[in-house]
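The file coords32.json comes next; it holds JSON, C-alpha atoms.
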[["chain", "number", "residue", "atom", "x", "y", "z"],
["A", 1303, "MET", "CA", 47.76, -0.65, -35.57],
["A", 1304, "GLY", "CA", 44.95, -2.59, -37.19],
["A", 1305, "ASN", "CA", 43.56, -2.07, -40.66],
["A", 1306, "ARG", "CA", 43.41, 1.66, -41.32],
["A", 1307, "LYS", "CA", 42.15, 1.03, -44.84],
["A", 1308, "ARG", "CA", 38.75, -0.09, -43.55],
["A", 1309, "THR", "CA", 36.45, 2.74, -44.54],
["A", 1310, "ILE", "CA", 33.27, 3.78, -42.79],
["A", 1311, "SER", "CA", 31.25, 2.19, -45.59],
["A", 1312, "ASN", "CA", 33.27, -1.03, -45.24],
["A", 1313, "LEU", "CA", 32.43, -1.17, -41.56],
["A", 1314, "VAL", "CA", 28.75, -0.45, -42.15],
["A", 1315, "MET", "CA", 28.54, -3.26, -44.71],
["A", 1316, "GLU", "CA", 30.45, -5.59, -42.39],
["A", 1317, "TYR", "CA", 27.83, -5.07, -39.69],
["A", 1318, "PHE", "CA", 24.91, -5.58, -42.06],
["A", 1319, "LYS", "CA", 26.52, -8.67, -43.61],
["A", 1320, "ASN", "CA", 26.87, -10.13, -40.13],
["A", 1321, "HIS", "CA", 23.11, -9.63, -39.71],
["A", 1322, "PRO", "CA", 21.65, -10.59, -43.13],
["A", 1323, "ASN", "CA", 17.93, -10.18, -43.83],
["A", 1324, "GLN", "CA", 17.37, -8.37, -40.52],
["A", 1325, "ASP", "CA", 15.63, -5.02, -40.14],
["A", 1326, "LEU", "CA", 18.23, -2.94, -38.32],
["A", 1327, "PRO", "CA", 17.83, 0.57, -36.86],
["A", 1328, "HIS", "CA", 20.76, 2.80, -37.72],
["A", 1329, "GLY", "CA", 21.54, 3.60, -34.06],
["A", 1330, "PRO", "CA", 23.21, 0.29, -33.12],
["A", 1331, "VAL", "CA", 24.96, 0.21, -36.50],
["A", 1332, "VAL", "CA", 26.47, 3.66, -35.91],
["A", 1333, "ASP", "CA", 27.54, 2.66, -32.38],
["A", 1334, "TRP", "CA", 29.28, -0.49, -33.62],
["A", 1335, "VAL", "CA", 30.98, 1.31, -36.53],
["A", 1336, "THR", "CA", 32.18, 4.04, -34.17],
["A", 1337, "ASN", "CA", 33.67, 1.51, -31.73],
["A", 1338, "GLU", "CA", 35.45, -0.36, -34.55],
["A", 1339, "TRP", "CA", 36.72, 2.87, -36.12],
["A", 1340, "LEU", "CA", 38.20, 4.08, -32.84],
["A", 1341, "LYS", "CA", 40.31, 0.92, -32.62],
["A", 1342, "ASP", "CA", 42.43, 2.27, -35.49],
["A", 1343, "HIS", "CA", 41.88, 6.03, -35.28],
["A", 1344, "SER", "CA", 42.20, 8.71, -32.64],
["A", 1345, "HIS", "CA", 39.08, 10.54, -33.77],
["A", 1346, "PRO", "CA", 35.47, 9.36, -34.25],
["A", 1347, "PRO", "CA", 34.17, 8.56, -37.75],
["A", 1348, "ARG", "CA", 32.45, 11.35, -39.63],
["A", 1349, "ASP", "CA", 28.68, 10.82, -40.00],
["A", 1350, "PRO", "CA", 28.37, 7.01, -40.27],
["A", 1351, "TRP", "CA", 24.65, 7.44, -40.85],
["A", 1352, "ARG", "CA", 25.47, 9.20, -44.14],
["A", 1353, "ALA", "CA", 27.35, 6.09, -45.22],
["A", 1354, "ILE", "CA", 24.26, 4.00, -44.44],
["A", 1355, "ARG", "CA", 22.12, 6.30, -46.54],
["A", 1356, "LYS", "CA", 24.63, 6.29, -49.39],
["A", 1357, "LEU", "CA", 24.78, 2.48, -49.40],
["A", 1358, "HIS", "CA", 21.01, 2.47, -49.67],
["A", 1359, "GLN", "CA", 21.17, 4.94, -52.58],
["A", 1360, "GLU", "CA", 23.68, 2.63, -54.28],
["A", 1361, "GLY", "CA", 21.24, -0.25, -53.93],
["A", 1362, "LYS", "CA", 23.33, -2.20, -51.42],
["A", 1363, "LEU", "CA", 20.89, -1.79, -48.54],
["A", 1364, "ILE", "CA", 17.11, -1.89, -48.46],
["A", 1365, "LYS", "CA", 15.32, 0.92, -46.65],
["A", 1366, "VAL", "CA", 12.47, -0.69, -44.73],
["A", 1367, "LYS", "CA", 11.26, 2.59, -43.25],
["A", 1368, "LYS", "CA", 12.79, 5.74, -41.83],
["A", 1369, "GLY", "CA", 15.91, 4.79, -39.88],
["A", 1370, "ILE", "CA", 15.53, 1.05, -40.55],
["A", 1371, "TYR", "CA", 17.62, -0.79, -43.16],
["A", 1372, "ARG", "CA", 18.18, -4.37, -44.26],
["A", 1373, "TYR", "CA", 20.95, -6.20, -46.09],
["A", 1374, "SER", "CA", 19.95, -8.92, -48.56],
["A", 1375, "PRO", "CA", 22.69, -11.12, -50.09],
["A", 1376, "GLU", "CA", 20.46, -11.69, -53.11],
["A", 1377, "LEU", "CA", 20.17, -7.95, -53.72],
["A", 1378, "GLU", "CA", 23.95, -7.53, -53.68],
["A", 1379, "LYS", "CA", 24.36, -10.17, -56.39],
["A", 1380, "ASP", "CA", 22.10, -8.12, -58.66],
["A", 1381, "ILE", "CA", 24.27, -4.99, -58.40],
["A", 1382, "GLU", "CA", 27.71, -6.62, -58.69],
["A", 1383, "THR", "CA", 27.82, -5.87, -62.42],
["A", 1384, "TRP", "CA", 26.86, -2.24, -61.76],
["A", 1385, "ASP", "CA", 29.70, -1.33, -59.42],
["A", 1386, "PHE", "CA", 33.46, -1.58, -59.87],
["A", 1387, "PRO", "CA", 34.76, -5.06, -59.00],
["A", 1388, "PRO", "CA", 36.67, -4.98, -55.66],
["A", 1389, "LYS", "CA", 40.06, -5.52, -57.34],
["A", 1390, "VAL", "CA", 39.46, -2.68, -59.81],
["A", 1391, "LYS", "CA", 38.26, -0.40, -57.02],
["A", 1392, "GLU", "CA", 41.41, -1.10, -55.01],
["A", 1393, "GLU", "CA", 43.60, -0.36, -58.06],
["A", 1394, "ILE", "CA", 41.87, 2.99, -58.55],
["A", 1395, "LEU", "CA", 42.31, 3.92, -54.89],
["A", 1396, "LYS", "CA", 45.96, 2.87, -55.04],
["A", 1397, "ARG", "CA", 46.56, 4.82, -58.26],
["A", 1398, "ASP", "CA", 45.06, 7.95, -56.69],
["A", 1399, "GLY", "CA", 47.10, 7.53, -53.51],
["A", 1400, "TYR", "CA", 43.99, 6.89, -51.41],
["A", 1401, "ARG", "CA", 43.09, 10.56, -51.70],
["A", 1402, "CYS", "CA", 40.30, 12.57, -53.30],
["A", 1403, "VAL", "CA", 41.50, 13.70, -56.73],
["A", 1404, "ILE", "CA", 39.80, 17.08, -56.20],
["A", 1405, "CYS", "CA", 40.73, 18.18, -52.68],
["A", 1406, "GLY", "CA", 43.55, 15.76, -51.86],
["A", 1407, "ARG", "CA", 42.07, 14.64, -48.54],
["A", 1408, "GLY", "CA", 42.23, 11.01, -47.44],
["A", 1409, "ILE", "CA", 41.07, 8.64, -44.73],
["A", 1410, "GLU", "CA", 43.64, 10.02, -42.31],
["A", 1411, "ASP", "CA", 41.89, 13.38, -42.62],
["A", 1412, "GLY", "CA", 38.66, 11.84, -41.37],
["A", 1413, "VAL", "CA", 36.86, 11.78, -44.73],
["A", 1414, "GLU", "CA", 35.09, 8.89, -46.41],
["A", 1415, "LEU", "CA", 36.45, 7.95, -49.84],
["A", 1416, "VAL", "CA", 34.43, 6.49, -52.70],
["A", 1417, "VAL", "CA", 35.39, 5.24, -56.15],
["A", 1418, "ASP", "CA", 33.33, 7.17, -58.67],
["A", 1419, "HIS", "CA", 32.51, 6.48, -62.32],
["A", 1420, "ILE", "CA", 33.85, 9.42, -64.37],
["A", 1421, "LYS", "CA", 31.27, 8.60, -67.02],
["A", 1422, "PRO", "CA", 28.16, 7.21, -65.29],
["A", 1423, "LYS", "CA", 27.13, 3.62, -65.98],
["A", 1424, "ASP", "CA", 23.67, 4.72, -67.10],
["A", 1425, "LYS", "CA", 25.34, 6.88, -69.77],
["A", 1426, "GLY", "CA", 27.57, 4.14, -71.15],
["A", 1427, "GLY", "CA", 30.43, 4.28, -68.65],
["A", 1428, "THR", "CA", 32.45, 1.14, -68.00],
["A", 1429, "ASN", "CA", 33.92, -0.51, -64.91],
["A", 1430, "ASP", "CA", 37.45, -0.10, -66.27],
["A", 1431, "ILE", "CA", 40.19, 1.52, -64.20],
["A", 1432, "SER", "CA", 40.40, 4.39, -66.70],
["A", 1433, "ASN", "CA", 36.77, 5.32, -65.95],
["A", 1434, "GLY", "CA", 37.27, 5.51, -62.20],
["A", 1435, "GLN", "CA", 38.40, 8.22, -59.82],
["A", 1436, "THR", "CA", 38.71, 8.58, -56.07],
["A", 1437, "LEU", "CA", 36.47, 11.22, -54.49],
["A", 1438, "CYS", "CA", 35.66, 12.19, -50.92],
["A", 1439, "MET", "CA", 32.00, 11.99, -49.94],
["A", 1440, "GLU", "CA", 31.66, 15.79, -50.19],
["A", 1441, "HIS", "CA", 32.90, 16.02, -53.77],
["A", 1442, "ASN", "CA", 31.09, 12.86, -54.81],
["A", 1443, "LEU", "CA", 27.83, 14.41, -53.63],
["A", 1444, "MET", "CA", 28.73, 17.70, -55.30],
["A", 1445, "LYS", "CA", 29.29, 15.93, -58.62],
["A", 1446, "LYS", "CA", 25.92, 14.21, -58.40],
["A", 1447, "ASN", "CA", 24.23, 17.51, -57.63],
["A", 1448, "TYR", "CA", 25.62, 19.04, -60.82],
["A", 1449, "SER", "CA", 23.21, 16.85, -62.82],
["A", 1450, "GLN", "CA", 20.37, 18.62, -61.05],
["A", 1451, "THR", "CA", 21.18, 21.79, -63.00],
["A", 1452, "GLU", "CA", 19.89, 19.99, -66.11],
["A", 1453, "ALA", "CA", 16.58, 19.26, -64.39],
["A", 1454, "GLY", "CA", 16.49, 22.87, -63.21],
["A", 1455, "LYS", "CA", 16.93, 24.28, -66.71],
["A", 1456, "ARG", "CA", 14.21, 22.01, -68.12],
["A", 1457, "PHE", "CA", 11.93, 23.09, -65.28],
["A", 1458, "PHE", "CA", 12.46, 26.78, -66.09],
["A", 1459, "ILE", "CA", 11.81, 26.07, -69.77],
["A", 1460, "LYS", "CA", 8.45, 24.65, -68.78],
["A", 1461, "ILE", "CA", 7.70, 27.69, -66.60],
["A", 1462, "TYR", "CA", 8.76, 29.98, -69.45],
["A", 1463, "GLU", "CA", 6.42, 28.29, -71.90],
["A", 1464, "GLU", "CA", 3.53, 28.52, -69.43],
["A", 1465, "ALA", "CA", 4.31, 32.20, -68.83],
["A", 1466, "ILE", "CA", 4.22, 32.84, -72.60],
["A", 1467, "ALA", "CA", 0.85, 31.11, -72.83],
["A", 1468, "ASN", "CA", -0.49, 33.15, -69.90],
["A", 1469, "LYS", "CA", 1.08, 36.39, -71.19],
["A", 1470, "ASP", "CA", 2.88, 36.79, -67.86],
["A", 1471, "GLU", "CA", 5.59, 39.24, -68.97],
["A", 1472, "LYS", "CA", 7.21, 39.46, -65.55],
["A", 1473, "MET", "CA", 7.74, 35.70, -65.36],
["A", 1474, "VAL", "CA", 8.93, 35.63, -68.98],
["A", 1475, "ARG", "CA", 11.63, 38.19, -68.14],
["A", 1476, "PHE", "CA", 12.57, 36.26, -65.03],
["A", 1477, "CYS", "CA", 13.02, 33.00, -66.94],
["A", 1478, "LYS", "CA", 15.07, 34.76, -69.64],
["A", 1479, "ALA", "CA", 17.34, 36.11, -66.91],
["A", 1480, "VAL", "CA", 17.77, 32.55, -65.57],
["A", 1481, "PHE", "CA", 18.68, 31.30, -69.05],
["A", 1482, "ASP", "CA", 21.21, 34.14, -69.34],
["A", 1483, "VAL", "CA", 22.89, 32.93, -66.14],
["A", 1484, "TYR", "CA", 23.13, 29.40, -67.55],
["A", 1485, "ASP", "CA", 24.71, 30.84, -70.71],
["A", 1486, "TYR", "CA", 27.01, 33.20, -68.82],
["A", 1487, "PHE", "CA", 28.58, 30.31, -66.91],
["A", 1488, "ASP", "CA", 28.37, 27.95, -69.88],
["A", 1489, "VAL", "CA", 26.27, 25.40, -67.98],
["A", 1490, "ASN", "CA", 24.10, 22.82, -69.77],
["A", 1491, "GLY", "CA", 24.51, 24.44, -73.18],
["A", 1492, "HIS", "CA", 23.41, 21.15, -74.78],
["A", 1493, "ILE", "CA", 19.85, 21.99, -73.66],
["A", 1494, "PRO", "CA", 18.59, 24.65, -76.11],
["A", 1495, "ARG", "CA", 16.75, 27.70, -74.94],
["A", 1496, "PRO", "CA", 13.00, 27.54, -75.68],
["A", 1497, "ASN", "CA", 11.20, 28.85, -78.75],
["A", 1498, "GLY", "CA", 14.35, 29.81, -80.62],
["A", 1499, "GLU", "CA", 15.61, 32.02, -77.82],
["A", 1500, "THR", "CA", 19.27, 32.85, -78.41],
["A", 1501, "LYS", "CA", 22.07, 33.47, -75.97],
["A", 1502, "LYS", "CA", 22.33, 36.95, -74.62],
["A", 1503, "ASN", "CA", 25.45, 38.58, -75.97],
["A", 1504, "GLN", "CA", 27.37, 39.56, -72.90],
["A", 1505, "GLU", "CA", 30.99, 39.80, -71.93],
["A", 1506, "LYS", "CA", 32.23, 37.49, -69.24],
["A", 1507, "ARG", "CA", 33.90, 39.05, -66.30]]
Target format structure tokens, applied to this file:
Amino acid sequence: MGNRKRTISNLVMEYFKNHPNQDLPHGPVVDWVTNEWLKDHSHPPRDPWRAIRKLHQEGKLIKVKKGIYRYSPELEKDIETWDFPPKVKEEILKRDGYRCVICGRGIEDGVELVVDHIKPKDKGGTNDISNGQTLCMEHNLMKKNYSQTEAGKRFFIKIYEEAIANKDEKMVRFCKAVFDVYDYFDVNGHIPRPNGETKKNQEKR
């Protein structure tokens, strides 16, 4: 029945690698990936264009302009040390049963799987098997979005400090309420509240 282990990202990269150093619109790429996917599956692939965008975000494709991408073999050599080696990635997928460790869905469910660093590389994470986990695209994106809560808290700290300087009591109260929500759900507690503000003593539901 063909190779059912070829993921959407694999197919996207296969197309780009067959057309190195060419500026390619995503339309023909999506069409080709869809045709290849349907050779081994009874349903169309889910959002191949998202896989193209993700590969760009990972540094594997160059975005020339909106909807146009390019694959450079030289660029891929630069990121080989950043990603899991192919053999390690396959071991992680195999260990996790080719399913997302959070929701349990796999390729047969029509979802794209990725191998994720539990501890990010930019925070000292390694490319060892023990630092990898299989996630679906949805939960991989969700994990990345969690880091945005840190940026959000720092942003509200800045607003709070400006509100204090401007004696804007309404905005001060609003920011304090936001900090209370962070504390209530125990999110980003490593970022201290501003100006010696302490956690609001409240019972959790």
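Restricting the calculation to only C-alpha atoms, the smallest distance between Val1480 in chain A and any of A:Ala1453, A:Leu1437, A:Ile1459, A:Val1416 is found for A:Ile1459.
In terms of minimum interatomic distance to Asn1312 in chain A, A:Glu1414 ranks closest within A:Glu1414, A:Glu1440, A:Asp1325, A:Glu1376, counting all atoms listed in the file.
When CA of Leu1340 in chain A is paired with CA of Gly1434 in chain A, their separation reads 29.4 Å.
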Polymer residues at most 12 Å from range 1419-1426 of chain A, only C-alpha atoms, same-chain spacing of 5 or more positions, as a tab-separated table (two decimals) with C-alpha atoms, in the frame of the given file:
chain	number	residue	atom	x	y	z
A	1381	ILE	CA	24.27	-4.99	-58.40
A	1383	THR	CA	27.82	-5.87	-62.42
A	1384	TRP	CA	26.86	-2.24	-61.76
A	1385	ASP	CA	29.70	-1.33	-59.42
A	1386	PHE	CA	33.46	-1.58	-59.87
A	1390	VAL	CA	39.46	-2.68	-59.81
A	1391	LYS	CA	38.26	-0.40	-57.02
A	1394	ILE	CA	41.87	2.99	-58.55
A	1403	VAL	CA	41.50	13.70	-56.73
A	1431	ILE	CA	40.19	1.52	-64.20
A	1432	SER	CA	40.40	4.39	-66.70
A	1433	ASN	CA	36.77	5.32	-65.95
A	1434	GLY	CA	37.27	5.51	-62.20
A	1435	GLN	CA	38.40	8.22	-59.82
A	1436	THR	CA	38.71	8.58	-56.07
A	1437	LEU	CA	36.47	11.22	-54.49
A	1442	ASN	CA	31.09	12.86	-54.81
A	1445	LYS	CA	29.29	15.93	-58.62
A	1446	LYS	CA	25.92	14.21	-58.40
A	1449	SER	CA	23.21	16.85	-62.82
Once you add 4 Å to each side, what are the centre and edge lengths of the axis-aligned box holding all listed atoms of range 1468-1474 of chain A? One decimal in Å, as AutoDock Vina command-line options, if you can.
--center_x 4.2 --center_y 36.3 --center_z -68.3 --size_x 17.4 --size_y 14.3 --size_z 13.8
Name all residues at most 10 Å from Asn1490 in chain A (count only C-alpha atoms; drop same-chain ones fewer than 3 positions away) and give them as a ChimeraX atom specification. /A:1448-1449,1451-1453,1455,1484-1485,1487,1493-1494
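When CA of Arg1397 in chain A is paired with CA of Val1335 in chain A, their separation reads 27.0 Å.
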Using all atoms listed in the file, the shortest atom-to-atom distance to Leu1357 in chain A among A:Phe1457, A:Phe1318, A:Trp1334, A:Trp1339 belongs to A:Phe1318
For Val1417 in chain A, the closest of A:Leu1313, A:Ala1353, A:Cys1438, A:Cys1405 counting only C-alpha atoms is A:Cys1438
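Minimum atom-to-atom distance to Tyr1373 in chain A, evaluated using only C-alpha atoms, belongs to A:Glu1316 out of A:Glu1463, A:Asp1482, A:Glu1316, A:Asp1470.
CA of Val1314 in chain A is positioned 15.0 Å from CA of Lys1341 in chain A.
Using only C-alpha atoms, the nearest neighbour of Arg1308 in chain A within the list A:His1321, A:His1343, A:Lys1365, A:Lys1472 is A:His1343.
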Protein and nucleic acid residues near (35.9, 8.3, -35.5) (cut-off 12 Å, all atoms listed in the file) as a count of residues only: 30
Neighbour list for Phe1458 in chain A as a list in words, cut-off 10 Å, all atoms listed in the file, skip fewer than 2 positions in-chain: Ala1453, Gly1454, Lys1455, Arg1456, Lys1460, Ile1461, Tyr1462, Glu1463, Glu1464, Val1474, Phe1476, Cys1477, Lys1478, Val1480, Phe1481, Arg1495 and Pro1496 of chain A
Please dump the current selection as a compact mmCIF listing (two decimals), in the frame of the given file; keep C-alpha atoms.
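Saved file again.txt follows:
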# COMPACT_ATOMS: atom_id res chain seq x y z
CA ALA A 1453 16.58 19.26 -64.39
CA GLY A 1454 16.49 22.87 -63.21
CA LYS A 1455 16.93 24.28 -66.71
CA ARG A 1456 14.21 22.01 -68.12
CA LYS A 1460 8.45 24.65 -68.78
CA ILE A 1461 7.70 27.69 -66.60
CA TYR A 1462 8.76 29.98 -69.45
CA GLU A 1463 6.42 28.29 -71.90
CA GLU A 1464 3.53 28.52 -69.43
CA VAL A 1474 8.93 35.63 -68.98
CA PHE A 1476 12.57 36.26 -65.03
CA CYS A 1477 13.02 33.00 -66.94
CA LYS A 1478 15.07 34.76 -69.64
CA VAL A 1480 17.77 32.55 -65.57
CA PHE A 1481 18.68 31.30 -69.05
CA ARG A 1495 16.75 27.70 -74.94
CA PRO A 1496 13.00 27.54 -75.68
